[in-house]
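K.L.:
Provided herewith: work-v2.txt, compact mmCIF, C-alpha atoms.
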```
# COMPACT_ATOMS: atom_id res chain seq x y z
CA MET A 1 -9.21 226.96 140.61
CA ALA A 2 -7.21 230.17 140.18
CA GLU A 3 -8.00 230.53 136.49
CA GLU A 4 -11.73 230.36 137.19
CA THR A 5 -11.77 233.95 138.27
CA THR A 6 -10.26 235.51 135.14
CA PRO A 7 -12.74 237.99 133.66
CA ALA A 8 -13.10 236.37 130.21
CA GLN A 9 -14.03 233.04 131.69
CA THR A 10 -16.41 234.51 134.24
CA GLU A 11 -18.28 235.97 131.32
CA GLY A 12 -18.39 232.56 129.67
CA THR A 13 -19.59 230.99 132.89
CA THR A 14 -22.48 233.36 133.40
CA GLU A 15 -23.47 232.76 129.83
CA ALA A 16 -23.32 229.03 130.50
CA HIS A 17 -25.41 229.24 133.62
CA SER A 18 -28.23 230.93 131.82
CA ALA A 19 -28.21 228.03 129.32
CA GLY A 20 -28.15 225.24 131.93
CA LEU A 21 -25.50 222.54 131.63
CA PRO A 22 -22.38 223.73 129.78
CA GLN A 23 -22.48 220.45 127.83
CA PHE A 24 -25.40 221.80 125.82
CA GLN A 25 -23.50 224.78 124.46
CA ILE A 26 -23.69 223.61 120.90
CA GLN A 27 -21.04 226.06 119.68
CA HIS A 28 -18.36 223.93 121.36
CA TRP A 29 -19.51 220.62 119.86
CA GLY A 30 -18.02 220.84 116.40
CA GLY A 31 -14.47 221.36 117.57
CA GLN A 32 -14.62 218.52 120.08
CA ILE A 33 -16.26 216.08 117.66
CA GLY A 34 -13.78 216.83 114.88
CA TYR A 35 -10.79 216.59 117.20
CA LEU A 36 -12.00 213.34 118.78
CA LEU A 37 -12.58 211.83 115.31
CA ILE A 38 -9.00 212.68 114.35
CA LEU A 39 -7.58 211.21 117.58
CA PHE A 40 -9.79 208.15 117.14
CA ALA A 41 -8.60 207.62 113.57
CA ILE A 42 -4.95 207.91 114.56
CA LEU A 43 -5.33 205.53 117.50
CA TYR A 44 -7.35 203.10 115.37
CA VAL A 45 -4.57 202.96 112.78
CA LEU A 46 -1.93 202.56 115.50
CA VAL A 47 -3.87 199.76 117.18
CA SER A 48 -4.70 197.86 114.02
CA LYS A 49 -1.31 198.31 112.31
CA VAL A 50 1.18 198.39 115.17
CA TYR A 51 -0.05 197.37 118.61
CA ALA A 52 -2.43 194.50 117.83
CA PRO A 53 -0.09 192.69 115.39
CA LYS A 54 2.83 193.04 117.80
CA ILE A 55 0.87 191.73 120.76
CA ARG A 56 -0.69 188.93 118.70
CA ARG A 57 2.77 187.93 117.48
CA ILE A 58 4.03 187.66 121.04
CA PHE A 59 0.88 185.69 121.97
CA ASP A 60 1.58 183.27 119.12
CA GLU A 61 5.24 183.07 120.06
CA ARG A 62 4.29 182.29 123.63
CA ALA A 63 1.80 179.64 122.57
CA GLU A 64 4.44 178.15 120.29
CA ALA A 65 7.04 178.18 123.05
CA ILE A 66 4.62 176.50 125.41
CA THR A 67 3.59 173.81 122.93
CA GLY A 68 7.23 173.30 121.95
CA ALA A 69 8.30 172.97 125.56
CA LEU A 70 5.41 170.61 126.23
CA ALA A 71 6.29 168.47 123.22
CA SER A 72 9.97 168.32 124.17
CA ALA A 73 9.04 167.52 127.75
CA LYS A 74 6.75 164.75 126.54
CA GLN A 75 9.52 163.43 124.32
CA VAL A 76 12.02 163.50 127.17
CA GLN A 77 9.50 161.74 129.35
CA ALA A 78 8.97 159.05 126.71
CA GLU A 79 12.72 158.67 126.38
CA ALA A 80 13.10 158.33 130.12
CA ALA A 81 10.31 155.77 130.21
CA ALA A 82 11.98 153.78 127.42
CA GLN A 83 15.28 153.95 129.24
CA SER A 84 13.76 152.83 132.50
CA ALA A 85 12.03 149.94 130.70
CA ALA A 86 15.34 148.94 129.12
CA ALA A 87 17.09 149.12 132.46
CA GLU A 88 14.37 147.01 134.04
CA LYS A 89 14.65 144.48 131.26
CA ALA A 90 18.44 144.35 131.64
CA LEU A 91 18.00 143.89 135.36
CA SER A 92 15.52 141.06 134.99
CA ASP A 93 17.74 139.47 132.33
CA ALA A 94 20.70 139.65 134.63
CA ARG A 95 18.66 138.21 137.46
CA ALA A 96 17.47 135.34 135.30
CA GLN A 97 21.01 134.72 134.14
CA ALA A 98 22.27 134.79 137.67
CA THR A 99 19.60 132.32 138.74
CA ALA A 100 20.47 130.05 135.83
CA THR A 101 24.17 130.27 136.60
CA ALA A 102 23.52 129.53 140.25
CA ALA A 103 21.35 126.52 139.43
CA ASP A 104 23.95 125.33 136.95
CA ALA A 105 26.73 125.67 139.49
CA LYS A 106 24.66 123.93 142.10
CA SER A 107 23.85 120.99 139.86
CA LYS A 108 27.43 120.79 138.69
CA ALA A 109 28.67 120.81 142.26
CA ALA A 110 26.14 118.19 143.22
CA ALA A 111 27.19 115.97 140.33
CA GLU A 112 30.83 116.37 141.24
CA THR A 113 30.12 115.58 144.83
CA ARG A 114 28.19 112.51 143.83
CA GLU A 115 30.98 111.41 141.54
CA ARG A 116 33.62 111.89 144.16
CA GLN A 117 31.51 110.09 146.69
CA ALA A 118 31.04 107.17 144.31
CA ALA A 119 34.76 107.05 143.59
CA LEU A 120 35.53 107.17 147.27
CA GLU A 121 33.01 104.47 147.97
CA ALA A 122 34.48 102.30 145.25
CA GLU A 123 37.98 102.84 146.61
CA LEU A 124 36.86 102.09 150.10
CA GLY A 125 35.02 99.01 148.89
CA ALA A 126 38.15 97.85 147.14
CA LYS A 127 40.27 98.52 150.20
CA LEU A 128 37.74 96.70 152.36
CA GLY A 129 37.79 93.71 150.01
CA GLU A 130 41.57 93.70 150.03
CA ALA A 131 41.68 93.91 153.77
CA GLU A 132 39.18 91.12 154.11
CA GLN A 133 41.31 89.10 151.73
CA ARG A 134 44.37 89.82 153.81
CA ILE A 135 42.58 88.85 156.95
CA ARG A 136 41.44 85.64 155.40
CA THR A 137 44.97 84.77 154.27
CA ALA A 138 46.30 85.73 157.62
CA ARG A 139 43.73 83.52 159.33
CA ASP A 140 44.47 80.60 157.03
CA ALA A 141 48.14 81.10 157.68
CA ALA A 142 47.44 81.32 161.37
CA MET A 143 45.38 78.15 161.21
CA LEU A 144 48.31 76.40 159.52
CA ASN A 145 50.68 77.72 162.12
CA VAL A 146 48.39 76.47 164.90
CA GLN A 147 48.60 72.93 163.45
CA SER A 148 52.39 72.98 163.21
CA ILE A 149 52.70 74.48 166.69
CA ALA A 150 50.44 71.80 168.10
CA THR A 151 52.50 69.12 166.35
CA GLU A 152 55.75 70.60 167.58
CA THR A 153 54.38 70.94 171.08
CA ALA A 154 53.14 67.38 171.08
CA GLN A 155 56.56 66.16 169.81
CA ALA A 156 58.30 68.20 172.46
CA ILE A 157 56.03 66.71 175.15
CA VAL A 158 56.57 63.22 173.87
CA LYS A 159 60.33 63.72 173.70
CA LYS A 160 60.35 65.04 177.17
CA LEU A 161 58.31 62.16 178.41
CA THR A 162 59.90 59.44 176.41
CA GLY A 163 63.25 60.81 175.69
CA ALA A 164 62.96 59.93 172.11
CA ALA A 165 61.34 61.59 169.30
CA PRO A 166 58.41 59.75 167.94
CA ALA A 167 59.03 58.61 164.48
CA GLY A 168 56.72 58.75 161.73
CA VAL A 169 54.54 61.34 163.25
CA LYS A 170 54.69 64.44 161.45
CA GLY A 171 52.60 67.48 162.03
CA MET B 1 -18.50 230.08 142.93
CA ALA B 2 -16.22 227.51 144.50
CA ALA B 3 -19.20 225.38 145.44
CA ASP B 4 -20.76 225.47 141.98
CA PRO B 5 -20.64 221.80 140.94
CA ILE B 6 -21.48 222.51 137.30
CA HIS B 7 -18.64 224.91 136.61
CA GLN B 8 -16.14 222.07 136.16
CA PHE B 9 -17.85 221.13 132.90
CA GLN B 10 -17.45 224.58 131.39
CA ILE B 11 -15.53 224.59 128.11
CA GLU B 12 -12.75 227.15 128.27
CA LYS B 13 -10.85 228.26 125.20
CA LEU B 14 -7.09 228.01 125.55
CA VAL B 15 -6.28 228.96 121.93
CA ASP B 16 -9.02 230.53 119.82
CA PHE B 17 -9.24 229.92 116.07
CA GLY B 18 -12.41 231.90 115.39
CA GLN B 19 -15.85 230.76 114.28
CA VAL B 20 -17.30 228.79 111.36
CA ASN B 21 -20.84 227.94 110.37
CA LEU B 22 -21.34 224.18 110.17
CA PRO B 23 -24.40 222.67 108.48
CA LEU B 24 -25.76 220.57 111.35
CA LEU B 25 -24.33 222.32 114.39
CA GLY B 26 -24.72 225.94 113.31
CA GLN B 27 -22.34 228.55 114.62
CA THR B 28 -19.28 226.67 115.90
CA ASP B 29 -16.32 227.96 117.88
CA LEU B 30 -13.05 226.55 116.66
CA ALA B 31 -10.61 226.57 119.52
CA PHE B 32 -8.17 224.42 121.44
CA THR B 33 -10.12 224.13 124.67
CA ASN B 34 -9.64 222.41 128.00
CA SER B 35 -11.66 219.53 126.54
CA HIS B 36 -9.20 219.24 123.67
CA LEU B 37 -6.36 219.35 126.18
CA ALA B 38 -7.88 216.52 128.23
CA MET B 39 -8.44 214.44 125.10
CA THR B 40 -4.87 215.10 123.97
CA ILE B 41 -3.41 214.09 127.32
CA ALA B 42 -5.50 210.90 127.38
CA PHE B 43 -4.55 210.10 123.79
CA THR B 44 -0.85 210.77 124.42
CA ALA B 45 -0.92 208.67 127.58
CA ILE B 46 -2.52 205.76 125.70
CA VAL B 47 -0.02 206.00 122.84
CA LEU B 48 2.92 206.19 125.26
CA PHE B 49 1.57 203.29 127.29
CA MET B 50 0.92 201.03 124.32
CA SER B 51 4.23 201.96 122.71
CA ALA B 52 6.05 201.15 125.93
CA VAL B 53 4.17 197.86 126.18
CA THR B 54 4.93 196.82 122.61
CA ALA B 55 8.43 198.33 122.38
CA ASN B 56 10.38 195.39 123.72
CA MET B 57 8.02 192.46 123.98
CA LYS B 58 9.21 189.29 125.62
CA VAL B 59 7.74 185.81 125.71
CA VAL B 60 7.94 186.00 129.47
CA PRO B 61 6.37 189.43 130.12
CA GLY B 62 7.49 192.07 132.59
CA ARG B 63 5.11 194.15 134.70
CA LEU B 64 4.27 196.78 132.11
CA GLN B 65 3.82 194.22 129.36
CA THR B 66 1.56 192.16 131.61
CA ALA B 67 -0.64 195.21 132.24
CA GLY B 68 -0.86 196.01 128.53
CA GLU B 69 -1.50 192.41 127.59
CA GLY B 70 -4.16 192.24 130.30
CA LEU B 71 -6.13 195.12 128.76
CA PHE B 72 -5.55 193.73 125.29
CA GLY B 73 -6.62 190.24 126.32
CA LEU B 74 -9.68 191.57 128.13
CA ILE B 75 -11.07 193.21 124.99
CA ASP B 76 -9.78 190.45 122.71
CA ASN B 77 -11.60 187.78 124.71
CA LEU B 78 -14.67 189.98 124.90
CA ALA B 79 -14.80 190.48 121.12
CA GLU B 80 -14.09 186.83 120.47
CA SER B 81 -16.69 185.55 122.93
CA ILE B 82 -19.45 187.90 121.79
CA ILE B 83 -18.81 188.30 118.06
CA GLY B 84 -17.17 184.90 117.66
CA HIS B 85 -14.84 183.96 114.85
CA ASP B 86 -14.96 187.44 113.26
CA GLY B 87 -14.15 189.13 116.55
CA LYS B 88 -10.49 189.66 115.61
CA LYS B 89 -11.51 191.80 112.65
CA TYR B 90 -13.46 194.25 114.82
CA PHE B 91 -11.09 194.11 117.76
CA PRO B 92 -9.09 197.26 116.83
CA PHE B 93 -12.27 199.33 116.78
CA VAL B 94 -13.51 198.05 120.15
CA PHE B 95 -10.07 198.38 121.69
CA THR B 96 -9.65 201.94 120.44
CA VAL B 97 -13.05 202.92 121.86
CA PHE B 98 -12.29 201.19 125.14
CA MET B 99 -8.83 202.71 125.58
CA LEU B 100 -9.94 206.24 124.71
CA ILE B 101 -12.91 206.15 127.07
CA LEU B 102 -10.86 204.50 129.81
CA GLY B 103 -8.07 207.03 129.37
CA MET B 104 -10.40 210.01 129.50
CA ASN B 105 -12.37 208.60 132.46
CA VAL B 106 -9.28 207.87 134.53
CA LEU B 107 -7.56 211.14 133.66
CA GLY B 108 -10.75 212.96 134.66
CA LEU B 109 -10.16 211.71 138.19
CA LEU B 110 -6.64 213.12 138.19
CA LEU B 111 -7.09 216.37 136.23
CA THR B 112 -9.60 219.19 136.50
CA PHE B 113 -11.48 218.34 133.34
CA THR B 114 -13.12 215.10 132.19
CA ALA B 115 -13.66 214.83 128.44
CA THR B 116 -16.22 212.04 128.86
CA THR B 117 -18.50 214.40 130.79
CA GLN B 118 -19.02 216.22 127.50
CA LEU B 119 -22.07 215.04 125.59
CA ALA B 120 -20.30 215.93 122.35
CA VAL B 121 -17.55 213.40 123.19
CA THR B 122 -19.75 210.53 124.37
CA GLY B 123 -22.13 211.23 121.48
CA THR B 124 -19.23 210.92 119.04
CA PHE B 125 -18.29 207.54 120.47
CA ALA B 126 -21.90 206.37 120.24
CA ALA B 127 -22.24 207.71 116.69
CA LEU B 128 -19.02 205.97 115.64
CA THR B 129 -20.26 202.68 117.05
CA ILE B 130 -23.73 202.85 115.53
CA GLY B 131 -22.24 204.18 112.29
CA LEU B 132 -19.98 201.15 112.08
CA VAL B 133 -22.94 198.88 112.89
CA LEU B 134 -24.96 200.44 110.05
CA ILE B 135 -22.05 200.28 107.58
CA ILE B 136 -21.33 196.61 108.36
CA GLY B 137 -25.04 195.80 108.31
CA PHE B 138 -25.67 197.27 104.88
CA ALA B 139 -22.32 196.16 103.45
CA LYS B 140 -22.75 192.56 104.55
CA HIS B 141 -26.46 192.04 104.10
CA GLY B 142 -27.69 194.88 101.87
CA LEU B 143 -31.39 195.34 102.48
CA GLY B 144 -31.28 192.11 104.47
CA PHE B 145 -30.07 194.36 107.26
CA PHE B 146 -33.71 195.10 108.03
CA LYS B 147 -34.13 191.48 109.14
CA LEU B 148 -32.53 192.77 112.33
CA PHE B 149 -35.95 194.15 113.25
CA VAL B 150 -37.77 190.89 112.45
CA PRO B 151 -36.76 188.26 114.98
CA SER B 152 -37.39 184.71 113.82
CA GLY B 153 -39.98 182.52 115.51
CA VAL B 154 -42.40 185.29 116.38
CA PRO B 155 -46.14 184.69 115.71
CA ILE B 156 -47.46 186.69 112.73
CA VAL B 157 -50.02 188.44 114.90
CA LEU B 158 -47.34 189.90 117.15
CA LEU B 159 -44.97 190.76 114.34
CA PRO B 160 -46.07 194.39 113.71
CA VAL B 161 -45.73 195.22 117.38
CA ILE B 162 -42.37 193.47 117.66
CA ILE B 163 -41.01 195.23 114.59
CA VAL B 164 -41.94 198.63 116.00
CA ILE B 165 -40.40 197.78 119.36
CA GLU B 166 -37.20 196.46 117.77
CA PHE B 167 -36.92 199.49 115.51
CA VAL B 168 -37.41 201.97 118.33
CA SER B 169 -34.93 200.09 120.52
CA PHE B 170 -32.41 200.21 117.68
CA LEU B 171 -32.93 203.95 117.29
CA LEU B 172 -32.42 204.41 121.01
CA ARG B 173 -29.13 202.50 121.07
CA PRO B 174 -26.88 205.47 120.20
CA VAL B 175 -28.82 207.66 122.61
CA THR B 176 -28.46 205.22 125.50
CA LEU B 177 -24.81 204.59 124.63
CA ALA B 178 -24.03 208.30 124.76
CA LEU B 179 -26.21 209.13 127.76
CA ARG B 180 -25.09 206.19 129.93
CA LEU B 181 -21.45 207.20 129.80
CA PHE B 182 -22.24 210.91 129.96
CA GLY B 183 -24.63 210.49 132.90
CA ASN B 184 -22.34 208.26 134.90
CA MET B 185 -19.35 210.53 134.57
CA LEU B 186 -21.38 213.71 135.05
CA GLY B 187 -23.14 212.37 138.13
CA GLY B 188 -19.95 211.13 139.73
CA HIS B 189 -18.10 214.38 139.22
CA VAL B 190 -21.05 216.49 140.41
CA ALA B 191 -21.33 214.38 143.56
CA LEU B 192 -17.59 214.70 144.19
CA LYS B 193 -17.76 218.46 143.74
CA VAL B 194 -20.81 218.84 145.97
CA PHE B 195 -19.24 216.95 148.85
CA ALA B 196 -15.95 218.73 148.36
CA GLY B 197 -17.90 222.01 148.47
CA PHE B 198 -19.48 220.97 151.77
CA VAL B 199 -16.04 220.59 153.30
CA ILE B 200 -15.20 224.23 152.50
CA ALA B 201 -18.64 225.57 153.34
CA LEU B 202 -18.99 223.82 156.69
CA GLY B 203 -15.38 224.54 157.60
CA SER B 204 -15.65 228.24 156.84
CA MET B 205 -18.99 228.52 158.69
CA ASP B 206 -17.34 226.96 161.69
CA ALA B 207 -14.40 229.31 161.38
CA ALA B 208 -16.81 232.25 161.26
CA GLY B 209 -18.32 231.09 164.54
CA GLY B 210 -21.55 229.57 163.26
CA LEU B 211 -22.85 226.03 163.76
CA GLY B 212 -20.96 225.61 167.02
CA LEU B 213 -19.61 222.09 167.34
CA LEU B 214 -21.23 220.72 164.18
CA GLY B 215 -19.06 222.41 161.58
CA ILE B 216 -15.80 220.48 161.84
CA PRO B 217 -17.34 216.97 162.21
CA GLY B 218 -19.64 217.75 159.27
CA ALA B 219 -16.69 218.86 157.17
CA ALA B 220 -14.76 215.71 158.16
CA LEU B 221 -17.74 213.54 157.23
CA SER B 222 -17.96 215.27 153.85
CA LEU B 223 -14.25 214.76 153.31
CA SER B 224 -14.56 211.05 154.03
CA MET B 225 -17.45 210.95 151.57
CA VAL B 226 -15.18 212.53 148.96
CA VAL B 227 -12.57 209.85 149.58
CA ALA B 228 -15.15 207.06 149.35
CA LEU B 229 -16.70 208.55 146.21
CA THR B 230 -13.29 208.87 144.60
CA ALA B 231 -12.76 205.15 145.14
CA LEU B 232 -16.18 204.46 143.67
CA GLU B 233 -15.42 206.70 140.71
CA CYS B 234 -12.24 204.74 139.98
CA LEU B 235 -14.44 201.66 139.64
CA VAL B 236 -17.03 203.55 137.57
CA ALA B 237 -14.31 204.93 135.27
CA PHE B 238 -13.19 201.42 134.37
CA LEU B 239 -16.66 199.90 134.42
CA GLN B 240 -18.20 202.44 132.06
CA ALA B 241 -15.40 202.00 129.54
CA PHE B 242 -15.89 198.24 129.80
CA VAL B 243 -19.67 198.50 129.50
CA PHE B 244 -19.26 200.64 126.40
CA ALA B 245 -16.94 198.02 124.90
CA VAL B 246 -19.34 195.19 125.76
CA LEU B 247 -22.29 196.99 124.18
CA THR B 248 -20.21 197.85 121.12
CA CYS B 249 -19.43 194.14 120.74
CA ILE B 250 -23.08 193.16 121.21
CA TYR B 251 -24.30 195.68 118.63
CA LEU B 252 -21.59 194.61 116.18
CA ASN B 253 -22.50 190.97 116.76
CA ASP B 254 -26.12 191.74 115.83
CA VAL B 255 -25.13 192.72 112.31
CA VAL B 256 -22.02 190.54 111.84
CA ASN B 257 -23.91 187.37 112.68
CA LEU B 258 -27.29 188.55 111.42
CA GLY B 259 -29.74 185.69 110.99
CA HIS B 260 -27.77 183.07 112.89
CA GLY B 261 -27.25 182.97 116.58
CA HIS B 262 -29.83 185.71 116.88
```
What does this structure look like when you write it as structure tokens?
P.N.:
Amino acid sequence: MAEETTPAQTEGTTEAHSAGLPQFQIQHWGGQIGYLLILFAILYVLVSKVYAPKIRRIFDERAEAITGALASAKQVQAEAAAQSAAAEKALSDARAQATATAADAKSKAAAETRERQAALEAELGAKLGEAEQRIRTARDAAMLNVQSIATETAQAIVKKLTGAAPAGVKG
Amino acid sequence: MAADPIHQFQIEKLVDFGQVNLPLLGQTDLAFTNSHLAMTIAFTAIVLFMSAVTANMKVVPGRLQTAGEGLFGLIDNLAESIIGHDGKKYFPFVFTVFMLILGMNVLGLLLTFTATTQLAVTGTFAALTIGLVLIIGFAKHGLGFFKLFVPSGVPIVLLPVIIVIEFVSFLLRPVTLALRLFGNMLGGHVALKVFAGFVIALGSMDAAGGLGLLGIPGAALSLSMVVALTALECLVAFLQAFVFAVLTCIYLNDVVNLGHGH
């Protein structure tokens, strides 16, 4: 505000006031228009040759980086999915194998058990038969013994009673 | 003198180069004036800002780069959405207009002189825009440029009237472009100055013993008006630059895509 009161400018101001708005003082137009055109031309060249290409390049770079990152992320995701599928498959394979092995072992064990049982049964049957045979022989022998004992007893009784052994009687 | 709201628009010569006689403008003072100074500061600020933005660009932007890219993207999207595929070609022009007007508007709020309150300045912007529209129109379509005034699908009976209306509206485009910006900036700065003047006037009247209790509250109210208006002017400064850019795009679109999408 201080410079407003310098004499030269006060003169200009009073002149302006008589002519209304200072914007209509045509004598100042040429200089402003020419100067603005020069500034405009310089800035236009700077924008079109320097600023815009630089900013567009970084925009492109950014878009590229984003699409690249997206693509690599998608690829990694696909890889992970493939890996998880493989792992799942391996797991199910292993489970199936384990089930098969278990069934195999069970059937094998069952067969073995059956076999051993059969063998045992056969052995027992044989032992039983042998025992029965032994019993039978023993009984027969016992029966024979009973006869001879009875004969001997009868002879002893007769001898005791008669004092002489009966002849011709043999047990 | 202090309360004169028009004085702020007075051109003051800082360095005088004498006078020349120009064909259209008559006697012209050649000088480095306060208007030139304001334009230079705005221009330098824009160049410094854009250079700083583009100096060390990174894929992941910092704060300054984000601000610069925001302005760039704003005008880029605008040109692309209005003009379409060819928008990139005209982007530098629209961006230059936008940045210069924005720079001058905003600096006008910080400095004592606003270049965009000068009709010569806003008129130059409008003339540049319409000049480019005319050049593109005639270069691309030759005399077919005049189809701009004959919209398709209009009944023959109405055609003469429509042509006159379209022609007059086209002639008025540079005038409205220049006057809209000029008027908005002028009005805002006059209003600011008037309310700021009230603060001094009411305060000094109160100090001199007049007005009794009304002086100081009146001055305070005026001061709060100045603050509110300054906020509004910040919005207007951006908005008018944006409006100018939008209209530039629309006018360019008229001739770039003449005949289709019209």
K.L.:
With distances taken over all atoms listed in the file, which residue among B:Thr54, B:Thr28, B:Thr66, B:Thr33 lies nearest B:Asp16?
P.N.:
B:Thr33
K.L.:
I want to know what sits within 9 Å of B:Val226, based on all atoms listed in the file, with residues of the same chain fewer than 4 positions away left out; could you give that as a PyMOL selection string?
P.N.:
chain B and resi 191-196+221-222+230-231
K.L.:
Please, which residues in chain B fall within 6 Å of chain A when counting all atoms listed in the file, and what is the closest atom pair and distance in Å to one decimal for each, ordered by chain then residue number, as a tab-separated table?
P.N.:
```
residue	atom	partner	partner_atom	distance
B:Gln10	CA	A:Pro22	CA	5.3
B:Gln27	CA	A:Gln27	CA	5.8
B:Thr28	CA	A:Gln27	CA	4.2
B:Asp29	CA	A:Gln27	CA	5.4
B:Leu30	CA	A:Gly31	CA	5.5
B:Val59	CA	A:Arg62	CA	5.3
B:Pro92	CA	A:Ser48	CA	5.2
B:Thr96	CA	A:Tyr44	CA	5.7
B:Gln118	CA	A:Gln23	CA	5.5
B:Leu119	CA	A:Gln23	CA	5.9
B:Ala120	CA	A:Trp29	CA	5.4
```
K.L.:
Suppose you want the space between atom CA of B:Asn184 and atom CA of B:Thr116; what is it in Å?
P.N.:
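These two atoms are separated by 9.4 Å.
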K.L.:
State, in Å with one decimal place, the distance from atom CA of B:His189 to atom CA of B:Leu177.
P.N.:
18.8 Å
K.L.:
List the neighbours of B:Val94 out to 12 Å using all atoms listed in the file; skip same-chain residues closer than 5 positions along the sequence, and give me the result as a PDB file with C-alpha atoms, in the frame of the given file.
P.N.:
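Final output, out_23.pdb:
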```
ATOM      1  CA  PHE A  40      -9.790 208.150 117.140  1.00  0.00           C
ATOM      2  CA  LEU A  43      -5.330 205.530 117.500  1.00  0.00           C
ATOM      3  CA  TYR A  44      -7.350 203.100 115.370  1.00  0.00           C
ATOM      4  CA  VAL A  47      -3.870 199.760 117.180  1.00  0.00           C
ATOM      5  CA  SER A  48      -4.700 197.860 114.020  1.00  0.00           C
ATOM      6  CA  ALA A  52      -2.430 194.500 117.830  1.00  0.00           C
TER       7      ALA A  52
ATOM      8  CA  LEU B  71      -6.130 195.120 128.760  1.00  0.00           C
ATOM      9  CA  PHE B  72      -5.550 193.730 125.290  1.00  0.00           C
ATOM     10  CA  LEU B  74      -9.680 191.570 128.130  1.00  0.00           C
ATOM     11  CA  ILE B  75     -11.070 193.210 124.990  1.00  0.00           C
ATOM     12  CA  ASP B  76      -9.780 190.450 122.710  1.00  0.00           C
ATOM     13  CA  ASN B  77     -11.600 187.780 124.710  1.00  0.00           C
ATOM     14  CA  LEU B  78     -14.670 189.980 124.900  1.00  0.00           C
ATOM     15  CA  ALA B  79     -14.800 190.480 121.120  1.00  0.00           C
ATOM     16  CA  GLU B  80     -14.090 186.830 120.470  1.00  0.00           C
ATOM     17  CA  ILE B  82     -19.450 187.900 121.790  1.00  0.00           C
ATOM     18  CA  ILE B  83     -18.810 188.300 118.060  1.00  0.00           C
ATOM     19  CA  GLY B  87     -14.150 189.130 116.550  1.00  0.00           C
ATOM     20  CA  LYS B  88     -10.490 189.660 115.610  1.00  0.00           C
ATOM     21  CA  LYS B  89     -11.510 191.800 112.650  1.00  0.00           C
ATOM     22  CA  MET B  99      -8.830 202.710 125.580  1.00  0.00           C
ATOM     23  CA  LEU B 100      -9.940 206.240 124.710  1.00  0.00           C
ATOM     24  CA  ILE B 101     -12.910 206.150 127.070  1.00  0.00           C
ATOM     25  CA  LEU B 102     -10.860 204.500 129.810  1.00  0.00           C
ATOM     26  CA  PHE B 125     -18.290 207.540 120.470  1.00  0.00           C
ATOM     27  CA  ALA B 126     -21.900 206.370 120.240  1.00  0.00           C
ATOM     28  CA  LEU B 128     -19.020 205.970 115.640  1.00  0.00           C
ATOM     29  CA  THR B 129     -20.260 202.680 117.050  1.00  0.00           C
ATOM     30  CA  LEU B 132     -19.980 201.150 112.080  1.00  0.00           C
ATOM     31  CA  VAL B 133     -22.940 198.880 112.890  1.00  0.00           C
ATOM     32  CA  ALA B 241     -15.400 202.000 129.540  1.00  0.00           C
ATOM     33  CA  PHE B 242     -15.890 198.240 129.800  1.00  0.00           C
ATOM     34  CA  VAL B 243     -19.670 198.500 129.500  1.00  0.00           C
ATOM     35  CA  PHE B 244     -19.260 200.640 126.400  1.00  0.00           C
ATOM     36  CA  ALA B 245     -16.940 198.020 124.900  1.00  0.00           C
ATOM     37  CA  VAL B 246     -19.340 195.190 125.760  1.00  0.00           C
ATOM     38  CA  LEU B 247     -22.290 196.990 124.180  1.00  0.00           C
ATOM     39  CA  THR B 248     -20.210 197.850 121.120  1.00  0.00           C
ATOM     40  CA  CYS B 249     -19.430 194.140 120.740  1.00  0.00           C
ATOM     41  CA  ILE B 250     -23.080 193.160 121.210  1.00  0.00           C
ATOM     42  CA  TYR B 251     -24.300 195.680 118.630  1.00  0.00           C
ATOM     43  CA  LEU B 252     -21.590 194.610 116.180  1.00  0.00           C
ATOM     44  CA  ASN B 253     -22.500 190.970 116.760  1.00  0.00           C
TER      45      ASN B 253
END
```
K.L.:
Take every atom of stretch 138-142 of chain A listed in the file, fit an axis-aligned box around them, add 8 Å per side, and give the centre and edge lengths in Å to one decimal as JSON.
P.N.:
```
{"center_x": 45.9, "center_y": 83.2, "center_z": 159.2, "size_x": 20.4, "size_y": 21.1, "size_z": 20.3}
```
K.L.:
To one decimal place, how far is atom CA of B:Pro23 from atom CA of B:Ile11 in Å?
P.N.:
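If I compute the distance from atom CA of B:Pro23 to atom CA of B:Ile11, I get 21.6 Å.
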K.L.:
Out of B:Gly259, B:Lys147, B:Gly131, B:Lys13, which residue has the shortest atom-to-atom distance to B:Leu171 when counting only C-alpha atoms?
P.N.:
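The shortest atom-to-atom distance to B:Leu171 comes from B:Gly131.
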K.L.:
Need the shell around B:Gln65: protein/DNA/RNA residues with any atom at most 9 Å away, counting only C-alpha atoms. Skip same-chain ones fewer than 5 positions apart. Format as a list of chain:residue names?
P.N.:
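Final neighbour list, sorted by chain and number: B:Met50, B:Ala52, B:Val53, B:Thr54, B:Asn56, B:Met57, B:Lys58, B:Gly70.
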K.L.:
Using all atoms listed in the file, collect all residues at a distance of at most 8 Å from (-22.2, 218.2, 137.8) as written in the file, then present them as a PyMOL selection string.
P.N.:
chain B and resi 5-9+186-191+193
